[in-house]
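S.K.: Mind having a look at this structure? Questions to follow.
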Amino acid sequence: MERIMIIGCGGAGKSTLARQLGEKTGLPVVHLDKLFWKPGWVSLSQEEFDERHRAAIARQSWIMDGNFDRTIPERLERCDTVLYLDFSRFACLLGVAKRIITSYGQVRPDMGDGCPERFDWEFLQWVWNFNRNKQEKNYRLLAQCADKEIHIFKNRRQVRKFLESL
């Protein structure tokens with residue numbers, strides 16, 4: 001595992017898993033949210049993000065967490081391992097609630113500078129509908145990756161066991 005891609009619904013723990021894997025493996029961690037957001041929750045232009053994304057995936061090794069659907073095919077092409085956190089909407093909503101409670105008003109280390117944690121109805125709706133809108137597409141993409149090591153986790157316990165096995 002030299003280039004690890006982590007995808008899944010918000011609140012599933014992608015960034016936490018990326019940090020933990022980084023600590024265990026020594027691989028550099030790239031948080032796509034950190035690449036995408038400018039201070040005040042202002043997004044980069046598509047061109048700026050694509051440039052940063054391409055530079056990140058061109059590196060020799062990385063752990064990269066985040067979805068950004070449009071760029072998933074590029075990451076899939078370059079990665080050797082995919083970790084898909086395919087959790088229930090309730091598990092993800094609980095993760096988001098915990099994150100809001102513990103980090104409200106603070107900038108998380110996996111988020112862009114100047115983007116403090118906040119309560120966002122639109123994001124909660126995205127989490128609620130993630131599996132309905134994205135799950136089938138994600139499985140279709142992964143089915144085309146016979147040359148990749150793919151791990152699909154249905155709950156946090158499975159993720160913990162995976163980390164312990166490394």
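Every chain in the structure tokens takes a letter, A first, then B, and so on in the order presented; its residues are numbered from 1, and the ligands are numbered from 1 following the presented order.
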Give me the residues within 8 Å of Thr81 of chain A as number ranges by chain, counting only C-alpha atoms and dropping any in the same chain fewer than 2 places off.
M.R.: A: 1-5, 79, 83, 148-151
S.K.: Give me, as a tab-separated table (two decimals) with C-alpha atoms, in the first residue's frame, the residues of chain A that a backbone DSSP run labels strand (DSSP E).
M.R.:
```
chain	number	residue	atom	x	y	z
A	3	ARG	CA	-1.24	5.17	-2.65
A	4	ILE	CA	-4.41	4.73	-0.60
A	5	MET	CA	-7.72	6.31	-1.56
A	6	ILE	CA	-10.43	6.63	1.10
A	7	ILE	CA	-14.02	7.36	0.06
A	8	GLY	CA	-17.38	7.28	1.79
A	29	VAL	CA	-1.83	12.23	4.26
A	30	VAL	CA	-3.69	14.49	1.83
A	31	HIS	CA	-7.15	15.74	2.84
A	37	TRP	CA	-11.53	25.12	0.62
A	38	LYS	CA	-10.18	28.64	0.98
A	42	VAL	CA	-14.88	29.67	-0.35
A	43	SER	CA	-14.21	26.92	-2.87
A	62	TRP	CA	-0.08	9.15	-0.29
A	63	ILE	CA	-3.20	8.50	1.71
A	64	MET	CA	-5.99	10.64	0.29
A	65	ASP	CA	-9.39	11.05	1.87
A	81	THR	CA	-5.62	0.55	-2.59
A	82	VAL	CA	-9.20	1.75	-2.05
A	83	LEU	CA	-10.89	1.91	1.34
A	84	TYR	CA	-14.64	2.49	1.02
A	85	LEU	CA	-16.50	3.39	4.22
A	149	GLU	CA	-6.70	-3.84	-3.41
A	150	ILE	CA	-10.22	-2.92	-2.31
A	151	HIS	CA	-11.56	-2.97	1.25
A	152	ILE	CA	-15.21	-2.19	1.93
A	153	PHE	CA	-16.14	-1.47	5.53
```
S.K.: Find the residues around Arg99 of chain A up to 12 Å (only C-alpha atoms counted), leave out those fewer than 2 positions away in its own chain, and share them as a PDB file with N, CA and C atoms, in the first residue's frame.
M.R.:
```pdb
ATOM      1  N   GLY A  10     -19.816  11.585   4.283  1.00  0.00           N
ATOM      2  CA  GLY A  10     -19.390  12.484   5.346  1.00  0.00           C
ATOM      3  C   GLY A  10     -19.818  11.925   6.689  1.00  0.00           C
ATOM      4  N   GLY A  11     -18.969  12.060   7.686  1.00  0.00           N
ATOM      5  CA  GLY A  11     -19.280  11.553   9.022  1.00  0.00           C
ATOM      6  C   GLY A  11     -18.890  10.106   9.240  1.00  0.00           C
ATOM      7  N   ALA A  12     -18.449   9.421   8.179  1.00  0.00           N
ATOM      8  CA  ALA A  12     -18.050   8.017   8.322  1.00  0.00           C
ATOM      9  C   ALA A  12     -16.685   7.883   8.986  1.00  0.00           C
ATOM     10  N   GLY A  13     -15.867   8.912   8.890  1.00  0.00           N
ATOM     11  CA  GLY A  13     -14.554   8.853   9.521  1.00  0.00           C
ATOM     12  C   GLY A  13     -13.399   8.740   8.543  1.00  0.00           C
ATOM     13  N   SER A  15     -11.374  11.064   7.280  1.00  0.00           N
ATOM     14  CA  SER A  15     -10.195  11.839   7.693  1.00  0.00           C
ATOM     15  C   SER A  15      -9.519  11.224   8.909  1.00  0.00           C
ATOM     16  N   THR A  16     -10.310  10.734   9.832  1.00  0.00           N
ATOM     17  CA  THR A  16      -9.748  10.069  11.012  1.00  0.00           C
ATOM     18  C   THR A  16      -8.980   8.827  10.590  1.00  0.00           C
ATOM     19  N   CYS A  92     -23.368   7.662   9.883  1.00  0.00           N
ATOM     20  CA  CYS A  92     -22.717   8.873   9.365  1.00  0.00           C
ATOM     21  C   CYS A  92     -23.287  10.128  10.012  1.00  0.00           C
ATOM     22  N   LEU A  93     -24.601  10.176  10.188  1.00  0.00           N
ATOM     23  CA  LEU A  93     -25.201  11.329  10.863  1.00  0.00           C
ATOM     24  C   LEU A  93     -24.712  11.432  12.306  1.00  0.00           C
ATOM     25  N   LEU A  94     -24.546  10.294  12.959  1.00  0.00           N
ATOM     26  CA  LEU A  94     -23.997  10.302  14.312  1.00  0.00           C
ATOM     27  C   LEU A  94     -22.564  10.836  14.295  1.00  0.00           C
ATOM     28  N   GLY A  95     -21.787  10.429  13.307  1.00  0.00           N
ATOM     29  CA  GLY A  95     -20.421  10.939  13.177  1.00  0.00           C
ATOM     30  C   GLY A  95     -20.390  12.445  12.953  1.00  0.00           C
ATOM     31  N   VAL A  96     -21.303  12.943  12.122  1.00  0.00           N
ATOM     32  CA  VAL A  96     -21.380  14.387  11.876  1.00  0.00           C
ATOM     33  C   VAL A  96     -21.790  15.109  13.156  1.00  0.00           C
ATOM     34  N   ALA A  97     -22.783  14.580  13.868  1.00  0.00           N
ATOM     35  CA  ALA A  97     -23.235  15.215  15.112  1.00  0.00           C
ATOM     36  C   ALA A  97     -22.091  15.275  16.122  1.00  0.00           C
ATOM     37  N   ILE A 101     -20.440  18.718  17.645  1.00  0.00           N
ATOM     38  CA  ILE A 101     -20.408  18.954  19.094  1.00  0.00           C
ATOM     39  C   ILE A 101     -18.987  19.168  19.594  1.00  0.00           C
ATOM     40  N   THR A 102     -18.057  18.374  19.117  1.00  0.00           N
ATOM     41  CA  THR A 102     -16.691  18.449  19.645  1.00  0.00           C
ATOM     42  C   THR A 102     -15.828  19.509  18.969  1.00  0.00           C
ATOM     43  N   SER A 103     -16.211  19.944  17.756  1.00  0.00           N
ATOM     44  CA  SER A 103     -15.334  20.853  17.008  1.00  0.00           C
ATOM     45  C   SER A 103     -15.998  22.149  16.568  1.00  0.00           C
ATOM     46  N   TYR A 104     -17.227  22.401  17.006  1.00  0.00           N
ATOM     47  CA  TYR A 104     -17.962  23.573  16.533  1.00  0.00           C
ATOM     48  C   TYR A 104     -17.134  24.848  16.725  1.00  0.00           C
ATOM     49  N   GLY A 105     -17.024  25.625  15.639  1.00  0.00           N
ATOM     50  CA  GLY A 105     -16.299  26.885  15.690  1.00  0.00           C
ATOM     51  C   GLY A 105     -14.791  26.745  15.550  1.00  0.00           C
ATOM     52  N   GLN A 106     -14.300  25.526  15.516  1.00  0.00           N
ATOM     53  CA  GLN A 106     -12.864  25.291  15.391  1.00  0.00           C
ATOM     54  C   GLN A 106     -12.555  24.773  13.982  1.00  0.00           C
ATOM     55  N   VAL A 107     -11.347  25.040  13.529  1.00  0.00           N
ATOM     56  CA  VAL A 107     -10.909  24.514  12.240  1.00  0.00           C
ATOM     57  C   VAL A 107     -10.236  23.173  12.482  1.00  0.00           C
ATOM     58  N   ARG A 108     -10.810  22.120  11.925  1.00  0.00           N
ATOM     59  CA  ARG A 108     -10.230  20.783  12.063  1.00  0.00           C
ATOM     60  C   ARG A 108      -8.944  20.694  11.241  1.00  0.00           C
ATOM     61  N   PRO A 116     -14.079  27.031   9.909  1.00  0.00           N
ATOM     62  CA  PRO A 116     -14.443  26.405  11.183  1.00  0.00           C
ATOM     63  C   PRO A 116     -15.649  25.476  11.035  1.00  0.00           C
ATOM     64  N   GLU A 117     -15.684  24.468  11.893  1.00  0.00           N
ATOM     65  CA  GLU A 117     -16.806  23.526  11.909  1.00  0.00           C
ATOM     66  C   GLU A 117     -18.085  24.310  12.158  1.00  0.00           C
ATOM     67  N   ARG A 118     -19.140  23.916  11.458  1.00  0.00           N
ATOM     68  CA  ARG A 118     -20.412  24.620  11.568  1.00  0.00           C
ATOM     69  C   ARG A 118     -21.553  23.638  11.389  1.00  0.00           C
ATOM     70  N   PHE A 119     -22.750  24.085  11.706  1.00  0.00           N
ATOM     71  CA  PHE A 119     -23.962  23.313  11.458  1.00  0.00           C
ATOM     72  C   PHE A 119     -24.479  23.719  10.085  1.00  0.00           C
TER      73      PHE A 119
END
```
S.K.: So which residues touch segment 47-60 of chain A within 7 Å, counting only C-alpha atoms, skipping near sequence neighbours fewer than 5 positions away, as a count of residues only?
M.R.: 4
S.K.: I'd like to know which of A:Ala91, A:Leu163, A:Leu76, A:Ile100 is closest to Cys145 of chain A, using only C-alpha atoms.
M.R.: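 Nearest to Cys145 of chain A: A:Leu76.
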S.K.: Please, what distance in Å, to one decimal, runs between atom CA of Glu74 of chain A and atom CA of Val159 of chain A?
M.R.: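 Between atom CA of Glu74 of chain A and atom CA of Val159 of chain A the gap is 24.7 Å.
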